[in-house]
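Chemist: Sending over structure.cif (mmCIF, C-alpha atoms).
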```
data_structure
loop_
_atom_site.group_PDB
_atom_site.id
_atom_site.type_symbol
_atom_site.label_atom_id
_atom_site.label_comp_id
_atom_site.auth_asym_id
_atom_site.auth_seq_id
_atom_site.Cartn_x
_atom_site.Cartn_y
_atom_site.Cartn_z
ATOM 1 C CA MET D 910 -30.751 -48.780 -84.669
ATOM 2 C CA LYS D 911 -32.423 -45.668 -85.743
ATOM 3 C CA PHE D 912 -34.760 -43.375 -83.816
ATOM 4 C CA ASN D 913 -37.097 -41.026 -85.371
ATOM 5 C CA ASN D 914 -37.010 -37.409 -84.378
ATOM 6 C CA GLY D 915 -40.138 -37.707 -82.256
ATOM 7 C CA LYS D 916 -38.731 -40.413 -80.042
ATOM 8 C CA SER D 917 -35.368 -38.614 -79.699
ATOM 9 C CA MET D 918 -37.026 -35.500 -78.439
ATOM 10 C CA LYS D 919 -39.099 -37.547 -75.990
ATOM 11 C CA TYR D 920 -36.033 -39.230 -74.478
ATOM 12 C CA LEU D 921 -34.190 -35.914 -74.329
ATOM 13 C CA ARG D 922 -37.041 -34.301 -72.378
ATOM 14 C CA ILE D 923 -37.153 -37.195 -69.912
ATOM 15 C CA PHE D 924 -33.376 -36.995 -69.365
ATOM 16 C CA PHE D 925 -33.518 -33.223 -68.826
ATOM 17 C CA ILE D 926 -36.438 -33.427 -66.341
ATOM 18 C CA ALA D 927 -34.718 -36.218 -64.381
ATOM 19 C CA ASN D 928 -31.524 -34.202 -63.960
ATOM 20 C CA ILE D 929 -33.387 -31.037 -62.929
ATOM 21 C CA SER D 930 -35.396 -33.010 -60.355
ATOM 22 C CA LEU D 931 -32.249 -34.563 -58.930
ATOM 23 C CA LEU D 932 -30.590 -31.178 -58.538
ATOM 24 C CA PHE D 933 -33.738 -29.778 -56.913
ATOM 25 C CA PHE D 934 -33.924 -32.512 -54.289
ATOM 26 C CA ILE D 935 -30.227 -32.240 -53.507
ATOM 27 C CA SER D 936 -30.327 -28.466 -53.063
ATOM 28 C CA CYS D 937 -33.441 -28.517 -50.869
ATOM 29 C CA SER D 938 -32.528 -31.428 -48.619
ATOM 30 C CA ASP D 939 -32.652 -30.684 -44.858
ATOM 31 C CA ILE D 940 -29.448 -30.214 -42.862
ATOM 32 C CA ARG D 941 -28.977 -33.133 -40.525
ATOM 33 C CA GLU D 942 -29.523 -31.962 -36.970
ATOM 34 C CA ASP D 943 -27.182 -34.506 -35.474
ATOM 35 C CA ILE D 944 -24.113 -33.224 -37.276
ATOM 36 C CA PRO D 945 -21.679 -32.240 -34.474
ATOM 37 C CA ILE D 946 -20.444 -28.648 -34.477
ATOM 38 C CA SER D 947 -17.257 -28.069 -32.450
ATOM 39 C CA ALA D 948 -16.177 -24.427 -32.532
ATOM 40 C CA PRO D 949 -12.724 -23.885 -31.028
ATOM 41 C CA LYS D 950 -12.668 -22.269 -27.572
ATOM 42 C CA ILE D 951 -10.488 -19.192 -27.145
ATOM 43 C CA ALA D 952 -8.704 -18.842 -23.773
ATOM 44 C CA LEU D 953 -7.137 -15.458 -23.070
ATOM 45 C CA HIS D 954 -5.656 -16.509 -19.731
ATOM 46 C CA LYS D 955 -3.403 -19.427 -18.964
ATOM 47 C CA ASP D 956 -4.069 -21.885 -16.172
ATOM 48 C CA GLY D 957 -3.393 -20.401 -12.740
ATOM 49 C CA ILE D 958 -4.642 -16.910 -13.550
ATOM 50 C CA LYS D 959 -6.466 -16.798 -10.188
ATOM 51 C CA ASN D 960 -3.912 -18.760 -8.175
ATOM 52 C CA PRO D 961 -1.493 -16.516 -6.206
ATOM 53 C CA ALA D 962 1.059 -19.340 -6.176
ATOM 54 C CA SER D 963 1.086 -19.660 -9.957
ATOM 55 C CA PRO D 964 3.543 -17.831 -12.226
ATOM 56 C CA ASN D 965 0.471 -17.024 -14.349
ATOM 57 C CA PHE D 966 -1.342 -15.302 -11.465
ATOM 58 C CA HIS D 967 -2.965 -12.113 -12.739
ATOM 59 C CA GLY D 968 -1.405 -10.082 -9.929
ATOM 60 C CA ARG D 969 2.034 -10.945 -11.295
ATOM 61 C CA LEU D 970 0.978 -9.934 -14.790
ATOM 62 C CA VAL D 971 -0.232 -6.560 -13.537
ATOM 63 C CA ALA D 972 3.003 -6.043 -11.594
ATOM 64 C CA THR D 973 5.200 -6.802 -14.604
ATOM 65 C CA SER D 974 3.150 -4.265 -16.576
ATOM 66 C CA ASN D 975 3.989 -1.541 -14.049
ATOM 67 C CA TRP D 976 0.576 -1.880 -12.417
ATOM 68 C CA ASP D 977 -1.264 -0.852 -15.575
ATOM 69 C CA MET D 978 -4.897 -1.821 -14.961
ATOM 70 C CA LYS D 979 -6.052 -0.696 -18.400
ATOM 71 C CA GLN D 980 -5.197 -4.103 -19.807
ATOM 72 C CA CYS D 981 -7.768 -5.599 -17.421
ATOM 73 C CA GLN D 982 -10.365 -2.977 -18.321
ATOM 74 C CA GLN D 983 -10.192 -3.871 -22.017
ATOM 75 C CA CYS D 984 -12.157 -7.049 -21.356
ATOM 76 C CA HIS D 985 -13.640 -6.576 -17.883
ATOM 77 C CA ALA D 986 -14.871 -2.969 -18.465
ATOM 78 C CA ALA D 987 -13.632 0.277 -16.977
ATOM 79 C CA ASN D 988 -15.613 -0.424 -13.811
ATOM 80 C CA TYR D 989 -14.481 -4.082 -13.712
ATOM 81 C CA ASN D 990 -18.096 -5.325 -13.662
ATOM 82 C CA GLY D 991 -17.630 -7.846 -16.449
ATOM 83 C CA GLY D 992 -17.453 -6.164 -19.833
ATOM 84 C CA THR D 993 -17.058 -8.321 -22.923
ATOM 85 C CA ALA D 994 -15.447 -11.046 -20.825
ATOM 86 C CA GLY D 995 -18.643 -11.475 -18.835
ATOM 87 C CA ALA D 996 -16.632 -12.050 -15.662
ATOM 88 C CA SER D 997 -16.796 -9.456 -12.898
ATOM 89 C CA CYS D 998 -13.609 -8.729 -10.962
ATOM 90 C CA TYR D 999 -15.805 -8.004 -7.941
ATOM 91 C CA ASP D 1000 -16.447 -11.723 -7.552
ATOM 92 C CA CYS D 1001 -13.067 -11.863 -5.790
ATOM 93 C CA HIS D 1002 -12.259 -8.197 -5.157
ATOM 94 C CA LYS D 1003 -15.155 -7.578 -2.794
ATOM 95 C CA THR D 1004 -13.813 -4.570 -0.872
ATOM 96 C CA PRO D 1005 -14.682 -0.963 -1.827
ATOM 97 C CA GLY D 1006 -12.605 0.049 -4.817
ATOM 98 C CA GLY D 1007 -12.494 -3.475 -6.190
ATOM 99 C CA PRO D 1008 -9.218 -4.248 -7.993
ATOM 100 C CA GLU D 1009 -8.045 -0.672 -7.352
ATOM 101 C CA ALA D 1010 -8.493 -0.856 -3.567
ATOM 102 C CA CYS D 1011 -5.348 0.000 -1.605
ATOM 103 C CA ASN D 1012 -5.158 -3.434 0.027
ATOM 104 C CA THR D 1013 -5.216 -5.239 -3.328
ATOM 105 C CA CYS D 1014 -1.484 -4.781 -3.940
ATOM 106 C CA HIS D 1015 -0.149 -4.076 -0.435
ATOM 107 C CA GLY D 1016 -1.543 -4.737 3.004
ATOM 108 C CA ASP D 1017 -4.114 -7.321 4.065
ATOM 109 C CA PHE D 1018 -6.239 -8.410 1.092
ATOM 110 C CA SER D 1019 -9.019 -9.543 3.430
ATOM 111 C CA ASN D 1020 -9.096 -6.340 5.492
ATOM 112 C CA PRO D 1021 -9.646 -2.972 3.737
ATOM 113 C CA LEU D 1022 -8.608 -1.162 6.924
ATOM 114 C CA ARG D 1023 -5.067 -2.586 6.778
ATOM 115 C CA ILE D 1024 -3.735 -1.070 3.583
ATOM 116 C CA ALA D 1025 -0.039 -0.829 4.482
ATOM 117 C CA PRO D 1026 2.421 -3.742 4.504
ATOM 118 C CA PRO D 1027 2.601 -6.491 5.489
ATOM 119 C CA ARG D 1028 2.069 -7.780 2.709
ATOM 120 C CA ALA D 1029 4.587 -5.843 0.605
ATOM 121 C CA LEU D 1030 4.326 -5.521 -3.172
ATOM 122 C CA ASN D 1031 6.643 -8.489 -3.591
ATOM 123 C CA GLY D 1032 4.761 -10.585 -1.029
ATOM 124 C CA ASP D 1033 7.166 -10.086 1.895
ATOM 125 C CA VAL D 1034 5.570 -10.165 5.353
ATOM 126 C CA LEU D 1035 8.431 -9.876 7.867
ATOM 127 C CA SER D 1036 9.264 -6.562 9.539
ATOM 128 C CA SER D 1037 12.915 -7.232 8.761
ATOM 129 C CA ASP D 1038 12.024 -7.052 5.056
ATOM 130 C CA ARG D 1039 12.595 -3.696 3.396
ATOM 131 C CA GLY D 1040 9.101 -3.465 1.913
ATOM 132 C CA VAL D 1041 7.450 -4.212 5.257
ATOM 133 C CA GLY D 1042 9.637 -2.629 7.919
ATOM 134 C CA ALA D 1043 7.835 -0.521 10.511
ATOM 135 C CA HIS D 1044 4.670 0.215 8.549
ATOM 136 C CA SER D 1045 2.439 -1.467 11.136
ATOM 137 C CA LYS D 1046 4.264 0.220 14.014
ATOM 138 C CA HIS D 1047 3.583 3.631 12.522
ATOM 139 C CA LEU D 1048 0.027 3.180 11.256
ATOM 140 C CA TYR D 1049 -1.683 0.550 13.390
ATOM 141 C CA ASP D 1050 0.225 -0.970 16.286
ATOM 142 C CA ASN D 1051 2.143 1.949 17.762
ATOM 143 C CA LYS D 1052 2.283 1.380 21.512
ATOM 144 C CA LEU D 1053 4.616 4.292 22.265
ATOM 145 C CA GLY D 1054 3.078 7.171 20.351
ATOM 146 C CA LYS D 1055 0.122 8.371 18.368
ATOM 147 C CA VAL D 1056 -0.353 6.509 15.107
ATOM 148 C CA VAL D 1057 0.287 8.478 11.929
ATOM 149 C CA SER D 1058 -1.287 8.452 8.486
ATOM 150 C CA CYS D 1059 0.308 7.441 5.195
ATOM 151 C CA ASN D 1060 0.811 11.062 4.160
ATOM 152 C CA GLN D 1061 3.465 11.578 6.835
ATOM 153 C CA CYS D 1062 5.886 9.579 4.679
ATOM 154 C CA HIS D 1063 4.241 9.318 1.247
ATOM 155 C CA ILE D 1064 2.090 11.361 -1.107
ATOM 156 C CA GLU D 1065 -1.439 10.000 -1.004
ATOM 157 C CA PRO D 1066 -2.919 9.748 -4.534
ATOM 158 C CA ALA D 1067 -5.491 12.499 -4.994
ATOM 159 C CA THR D 1068 -7.248 11.088 -8.051
ATOM 160 C CA GLY D 1069 -7.189 7.390 -7.303
ATOM 161 C CA PHE D 1070 -5.130 4.396 -8.321
ATOM 162 C CA SER D 1071 -3.632 5.818 -11.526
ATOM 163 C CA ASP D 1072 -2.625 9.154 -10.017
ATOM 164 C CA PRO D 1073 0.911 10.092 -11.224
ATOM 165 C CA SER D 1074 2.044 10.369 -7.612
ATOM 166 C CA HIS D 1075 1.073 6.720 -7.153
ATOM 167 C CA ILE D 1076 1.858 4.903 -10.393
ATOM 168 C CA ASP D 1077 4.894 6.262 -12.223
ATOM 169 C CA ASN D 1078 7.960 5.032 -14.061
ATOM 170 C CA THR D 1079 10.315 5.054 -11.069
ATOM 171 C CA PRO D 1080 10.422 1.839 -9.042
ATOM 172 C CA GLY D 1081 9.885 1.889 -5.301
ATOM 173 C CA ALA D 1082 7.901 4.164 -3.034
ATOM 174 C CA GLU D 1083 9.028 7.773 -2.798
ATOM 175 C CA ILE D 1084 9.573 9.131 0.711
ATOM 176 C CA VAL D 1085 8.001 12.573 1.052
ATOM 177 C CA PHE D 1086 7.997 13.693 4.675
ATOM 178 C CA GLY D 1087 4.882 15.289 6.137
ATOM 179 C CA SER D 1088 4.359 18.069 8.647
ATOM 180 C CA LEU D 1089 4.887 16.029 11.823
ATOM 181 C CA SER D 1090 8.456 15.066 10.968
ATOM 182 C CA LYS D 1091 9.265 18.748 10.266
ATOM 183 C CA LEU D 1092 7.776 20.154 13.477
ATOM 184 C CA GLN D 1093 9.745 23.050 14.964
ATOM 185 C CA THR D 1094 9.948 22.747 18.752
ATOM 186 C CA ASN D 1095 11.392 26.089 19.867
ATOM 187 C CA LYS D 1096 9.289 29.006 18.643
ATOM 188 C CA SER D 1097 9.278 32.568 19.913
ATOM 189 C CA ASN D 1098 5.542 32.407 20.561
ATOM 190 C CA GLY D 1099 5.559 28.840 21.850
ATOM 191 C CA PHE D 1100 5.698 27.248 25.274
ATOM 192 C CA ASN D 1101 8.992 27.551 27.178
ATOM 193 C CA TYR D 1102 10.805 29.306 24.328
ATOM 194 C CA GLN D 1103 14.533 29.774 24.894
ATOM 195 C CA ALA D 1104 16.258 31.813 22.234
ATOM 196 C CA SER D 1105 19.732 30.671 23.269
ATOM 197 C CA LEU D 1106 19.006 27.081 22.212
ATOM 198 C CA GLY D 1107 18.212 27.715 18.555
ATOM 199 C CA ASP D 1108 15.061 26.961 16.606
ATOM 200 C CA PHE D 1109 15.218 23.150 16.292
ATOM 201 C CA ILE D 1110 13.848 23.027 12.758
ATOM 202 C CA PRO D 1111 14.130 19.439 11.463
ATOM 203 C CA ASN D 1112 15.348 18.699 7.962
ATOM 204 C CA PRO D 1113 14.182 15.095 7.526
ATOM 205 C CA SER D 1114 16.118 12.725 5.309
ATOM 206 C CA PHE D 1115 15.797 9.120 4.224
ATOM 207 C CA ASP D 1116 18.769 6.985 3.238
ATOM 208 C CA SER D 1117 17.627 4.611 0.514
ATOM 209 C CA ASN D 1118 20.710 2.441 1.031
ATOM 210 C CA ASN D 1119 20.012 1.422 4.625
ATOM 211 C CA ALA D 1120 16.402 2.654 4.996
ATOM 212 C CA GLY D 1121 17.428 5.066 7.738
ATOM 213 C CA CYS D 1122 15.400 8.089 8.871
ATOM 214 C CA ALA D 1123 17.322 11.052 10.281
ATOM 215 C CA ASN D 1124 16.644 14.598 11.452
ATOM 216 C CA THR D 1125 12.949 14.012 12.158
ATOM 217 C CA TYR D 1126 10.895 15.334 15.051
ATOM 218 C CA CYS D 1127 9.383 11.865 15.393
ATOM 219 C CA HIS D 1128 12.723 10.281 16.265
ATOM 220 C CA GLY D 1129 14.692 12.830 18.221
ATOM 221 C CA TYR D 1130 15.176 16.121 16.395
ATOM 222 C CA PHE D 1131 13.435 18.320 18.944
ATOM 223 C CA LYS D 1132 14.322 20.485 21.910
ATOM 224 C CA ASN D 1133 15.831 18.194 24.582
ATOM 225 C CA GLY D 1134 16.085 15.383 22.038
ATOM 226 C CA ASN D 1135 18.929 13.381 20.521
ATOM 227 C CA LEU D 1136 19.412 15.368 17.341
ATOM 228 C CA ASN D 1137 21.762 12.869 15.713
ATOM 229 C CA ASN D 1138 19.520 9.849 16.180
ATOM 230 C CA VAL D 1139 19.123 7.716 13.061
ATOM 231 C CA VAL D 1140 16.507 4.975 13.131
ATOM 232 C CA LEU D 1141 16.415 2.171 10.580
ATOM 233 C CA PHE D 1142 13.046 1.286 9.110
ATOM 234 C CA THR D 1143 13.819 -2.406 9.580
ATOM 235 C CA ALA D 1144 15.306 -2.082 13.088
ATOM 236 C CA GLN D 1145 12.112 -3.494 14.621
ATOM 237 C CA SER D 1146 11.883 -2.888 18.397
ATOM 238 C CA GLN D 1147 15.432 -1.501 18.572
ATOM 239 C CA GLY D 1148 14.300 1.640 16.792
ATOM 240 C CA ALA D 1149 11.895 2.525 19.603
ATOM 241 C CA ALA D 1150 13.997 1.670 22.649
ATOM 242 C CA CYS D 1151 13.881 4.137 25.541
ATOM 243 C CA GLY D 1152 16.739 6.591 25.319
ATOM 244 C CA THR D 1153 17.026 6.593 21.541
ATOM 245 C CA CYS D 1154 14.979 9.750 20.919
ATOM 246 C CA HIS D 1155 15.747 11.469 24.237
ATOM 247 C CA GLY D 1156 18.047 10.290 26.980
ATOM 248 C CA ASP D 1157 20.852 7.760 26.791
ATOM 249 C CA PRO D 1158 20.456 5.106 24.078
ATOM 250 C CA ALA D 1159 23.306 3.060 25.544
ATOM 251 C CA THR D 1160 21.614 2.561 28.912
ATOM 252 C CA GLY D 1161 17.982 3.037 27.899
ATOM 253 C CA ASN D 1162 17.601 5.897 30.363
ATOM 254 C CA PRO D 1163 14.991 8.260 28.856
ATOM 255 C CA LEU D 1164 15.820 11.309 30.997
ATOM 256 C CA PRO D 1165 16.381 14.139 28.478
ATOM 257 C CA LYS D 1166 19.018 16.824 28.371
ATOM 258 C CA THR D 1167 19.442 19.115 31.345
ATOM 259 C CA ASN D 1168 20.113 22.843 31.060
ATOM 260 C CA LEU D 1169 23.783 22.028 31.577
ATOM 261 C CA GLN D 1170 23.670 19.722 28.542
ATOM 262 C CA GLY D 1171 21.954 22.163 26.210
ATOM 263 C CA GLY D 1172 18.418 21.254 27.233
ATOM 264 C CA THR D 1173 15.713 22.764 29.412
ATOM 265 C CA HIS D 1174 15.379 20.244 32.242
ATOM 266 C CA PRO D 1175 16.884 20.814 35.694
ATOM 267 C CA PRO D 1176 19.612 18.388 36.729
ATOM 268 C CA PRO D 1177 19.004 15.480 39.127
ATOM 269 C CA PRO D 1178 17.640 14.886 41.615
ATOM 270 C CA THR D 1179 14.829 17.196 40.419
ATOM 271 C CA ALA D 1180 14.603 15.791 36.890
ATOM 272 C CA GLN D 1181 14.928 12.108 37.621
ATOM 273 C CA ASP D 1182 11.302 11.074 37.364
ATOM 274 C CA CYS D 1183 9.470 11.799 34.091
ATOM 275 C CA GLN D 1184 6.034 11.361 35.600
ATOM 276 C CA LEU D 1185 6.490 14.322 37.953
ATOM 277 C CA CYS D 1186 5.861 16.676 35.023
ATOM 278 C CA HIS D 1187 4.537 14.338 32.331
ATOM 279 C CA GLY D 1188 2.270 12.070 34.368
ATOM 280 C CA ASP D 1189 -0.430 12.014 31.687
ATOM 281 C CA VAL D 1190 2.041 10.413 29.324
ATOM 282 C CA VAL D 1191 4.394 8.176 31.299
ATOM 283 C CA GLU D 1192 4.781 6.433 34.621
ATOM 284 C CA VAL D 1193 7.750 4.732 36.258
ATOM 285 C CA ASN D 1194 7.751 1.696 38.528
ATOM 286 C CA ASN D 1195 11.002 0.303 39.903
ATOM 287 C CA GLY D 1196 12.959 2.112 37.229
ATOM 288 C CA VAL D 1197 10.784 0.811 34.391
ATOM 289 C CA TYR D 1198 9.145 3.500 32.251
ATOM 290 C CA THR D 1199 5.761 2.820 30.656
ATOM 291 C CA ILE D 1200 3.757 4.995 28.282
ATOM 292 C CA VAL D 1201 0.276 5.279 29.797
ATOM 293 C CA ASN D 1202 -1.326 7.328 27.009
ATOM 294 C CA LYS D 1203 0.301 6.850 23.623
ATOM 295 C CA ASP D 1204 -1.961 9.450 21.999
ATOM 296 C CA LYS D 1205 -0.210 12.141 24.043
ATOM 297 C CA HIS D 1206 3.299 11.013 23.114
ATOM 298 C CA ILE D 1207 4.986 12.074 19.848
ATOM 299 C CA ASN D 1208 1.807 13.899 18.879
ATOM 300 C CA GLY D 1209 3.289 17.303 18.048
ATOM 301 C CA LYS D 1210 2.458 18.839 21.415
ATOM 302 C CA LEU D 1211 4.143 19.194 24.804
ATOM 303 C CA ASN D 1212 2.245 17.661 27.709
ATOM 304 C CA VAL D 1213 3.123 19.223 31.067
ATOM 305 C CA PHE D 1214 1.180 18.955 34.333
ATOM 306 C CA GLY D 1215 -1.897 17.606 32.580
ATOM 307 C CA ASN D 1216 -1.986 20.286 29.891
ATOM 308 C CA GLU D 1217 -0.957 20.191 26.250
ATOM 309 C CA PHE D 1218 0.936 23.118 24.778
ATOM 310 C CA GLU D 1219 2.045 24.070 21.288
ATOM 311 C CA PHE D 1220 5.804 24.197 20.893
#
```
Rewrite the structure from the file as structure tokens, please.

Modeler:
Amino acid sequence: MKFNNGKSMKYLRIFFIANISLLFFISCSDIREDIPISAPKIALHKDGIKNPASPNFHGRLVATSNWDMKQCQQCHAANYNGGTAGASCYDCHKTPGGPEACNTCHGDFSNPLRIAPPRALNGDVLSSDRGVGAHSKHLYDNKLGKVVSCNQCHIEPATGFSDPSHIDNTPGAEIVFGSLSKLQTNKSNGFNYQASLGDFIPNPSFDSNNAGCANTYCHGYFKNGNLNNVVLFTAQSQGAACGTCHGDPATGNPLPKTNLQGGTHPPPPTAQDCQLCHGDVVEVNNGVYTIVNKDKHINGKLNVFGNEFEF
């Protein structure tokens, strides 16, 4: 069968137009709105990131990173308000300071006023535990003497959480004794100075092996005190028994050294009742001594006959 040139050109045009139209309709067709789009979700944290009992708890991750909070700030912002993560740390860390508050890592997480252990960094809560010890006795619950501040045993960070004195490359808390532990109690211009007795200048020390404090004013290194007394940080009530700092630790008798024993007190029967001279501090009933005003005991001053004197 033969086609003339006119018909061939006609069929060729029709074929060309049909193909162009088909391509046009295909390229301009609408995208179906019901096509499901499932983008993969990216999870930076594993399950349990907010569960203290989980090995994936974020507190554990911070601890294993030597308490480096910068890794948290990368996503939650330098002020922890959310950042690119869109999740504010203050949703859980509600106390002043947020994640960098003192009681976040040690102390009572629910009470910003209790920043010292218990809880210790490792979670210990018993006073027999090394990280807990007598922190509460010194800072909050001292019934025998005036409470002290953290800086009497540690350097308080001056510039916040990341201060080099706070976060460094050496594990454990450094013991740096403050002024109270070093108090000299026999000065030439002080009350009841006696040159023959020496100066009684403490040289505090801490034994990291047994957590023992020695040569401190707080625990016996003072005029009329038991200079060789060593108190263990985990000794609990035994470390504060009557007679340990002054008197006889074996019997619990708190009567301090007489002038015949290298002290300044007269011998019995004159010096057999502490409250005769120190009635603002202590009283005795049936041989039982009780501190009546703890703020006037172990406070760096000498209380005699209702007056406080500098040593």

Chemist: Would you kindly translate the PyMOL selection byres ((chain D and resi 1101) around 10) into the concrete residues it picks from this file, as a VMD selection string?

Modeler: chain D and resid 1094 to 1100 1102 to 1104 1173 1211 1218 to 1220

Chemist: Pick from D:Asp1204, D:Ala1144, D:Thr993, D:Ser963: nearest to Ser1036 in chain D, with all atoms listed in the file counted?

Modeler: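 Among D:Asp1204, D:Ala1144, D:Thr993, D:Ser963, it is D:Ala1144 that comes nearest to Ser1036 in chain D.
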
Chemist: If the PyMOL selection byres ((chain D and resi 1081) around 12) is run on the structure shown, which residues does it catch, given as a PyMOL selection string?

Modeler: chain D and resi 975+1029-1031+1039-1040+1063+1074-1080+1082-1084+1117

Chemist: Once you have the residues from the selection above, write them out as a short mmCIF file (atom, residue, chain, number, x, y, z; two decimals), in the coordinates of the input, restricted to C-alpha atoms.

Modeler:
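As written to disk, part32.cif reads:
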```
data_model
loop_
_atom_site.label_atom_id
_atom_site.label_comp_id
_atom_site.auth_asym_id
_atom_site.auth_seq_id
_atom_site.Cartn_x
_atom_site.Cartn_y
_atom_site.Cartn_z
CA ASN D 975 3.99 -1.54 -14.05
CA ALA D 1029 4.59 -5.84 0.60
CA LEU D 1030 4.33 -5.52 -3.17
CA ASN D 1031 6.64 -8.49 -3.59
CA ARG D 1039 12.60 -3.70 3.40
CA GLY D 1040 9.10 -3.46 1.91
CA HIS D 1063 4.24 9.32 1.25
CA SER D 1074 2.04 10.37 -7.61
CA HIS D 1075 1.07 6.72 -7.15
CA ILE D 1076 1.86 4.90 -10.39
CA ASP D 1077 4.89 6.26 -12.22
CA ASN D 1078 7.96 5.03 -14.06
CA THR D 1079 10.32 5.05 -11.07
CA PRO D 1080 10.42 1.84 -9.04
CA ALA D 1082 7.90 4.16 -3.03
CA GLU D 1083 9.03 7.77 -2.80
CA ILE D 1084 9.57 9.13 0.71
CA SER D 1117 17.63 4.61 0.51
#
```

Chemist: Could you work out how far CA of Ile1207 in chain D lies from CA of Phe1086 in chain D, giving the answer in Å with one decimal?

Modeler: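 Atom-to-atom, CA of Phe1086 in chain D to CA of Ile1207 in chain D, that is 15.6 Å.
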
Chemist: May I ask which of the residues D:Asn1137, D:Leu1053, D:Leu1092, D:Asp1182 is the closest one to Asn1195 in chain D, counting all atoms listed in the file?

Modeler: D:Asp1182

Chemist: Hey, could you patch up range 956-967 of chain D with N, CA and C atoms and hand it over as a CSV table (one decimal), keeping the file's coordinate frame?

Modeler:
```
chain,number,residue,atom,x,y,z
D,956,ASP,N,-3.7,-21.3,-17.4
D,956,ASP,CA,-4.1,-21.9,-16.2
D,956,ASP,C,-3.3,-21.2,-15.0
D,957,GLY,N,-4.0,-21.0,-13.9
D,957,GLY,CA,-3.4,-20.4,-12.7
D,957,GLY,C,-3.6,-18.9,-12.6
D,958,ILE,N,-4.4,-18.4,-13.5
D,958,ILE,CA,-4.6,-16.9,-13.6
D,958,ILE,C,-5.2,-16.4,-12.2
D,959,LYS,N,-5.9,-17.2,-11.5
D,959,LYS,CA,-6.5,-16.8,-10.2
D,959,LYS,C,-5.8,-17.4,-9.0
D,960,ASN,N,-4.7,-18.1,-9.2
D,960,ASN,CA,-3.9,-18.8,-8.2
D,960,ASN,C,-2.7,-17.9,-7.8
D,961,PRO,N,-2.6,-17.4,-6.6
D,961,PRO,CA,-1.5,-16.5,-6.2
D,961,PRO,C,-0.2,-17.2,-6.2
D,962,ALA,N,-0.2,-18.6,-6.2
D,962,ALA,CA,1.1,-19.3,-6.2
D,962,ALA,C,1.5,-19.6,-7.6
D,963,SER,N,0.7,-19.3,-8.6
D,963,SER,CA,1.1,-19.7,-10.0
D,963,SER,C,1.9,-18.5,-10.6
D,964,PRO,N,2.8,-18.9,-11.5
D,964,PRO,CA,3.5,-17.8,-12.2
D,964,PRO,C,2.6,-17.1,-13.2
D,965,ASN,N,1.4,-17.7,-13.5
D,965,ASN,CA,0.5,-17.0,-14.3
D,965,ASN,C,-0.6,-16.2,-13.6
D,966,PHE,N,-0.4,-16.1,-12.3
D,966,PHE,CA,-1.3,-15.3,-11.5
D,966,PHE,C,-1.5,-13.9,-12.0
D,967,HIS,N,-2.7,-13.4,-12.1
D,967,HIS,CA,-3.0,-12.1,-12.7
D,967,HIS,C,-2.3,-11.0,-12.0
```
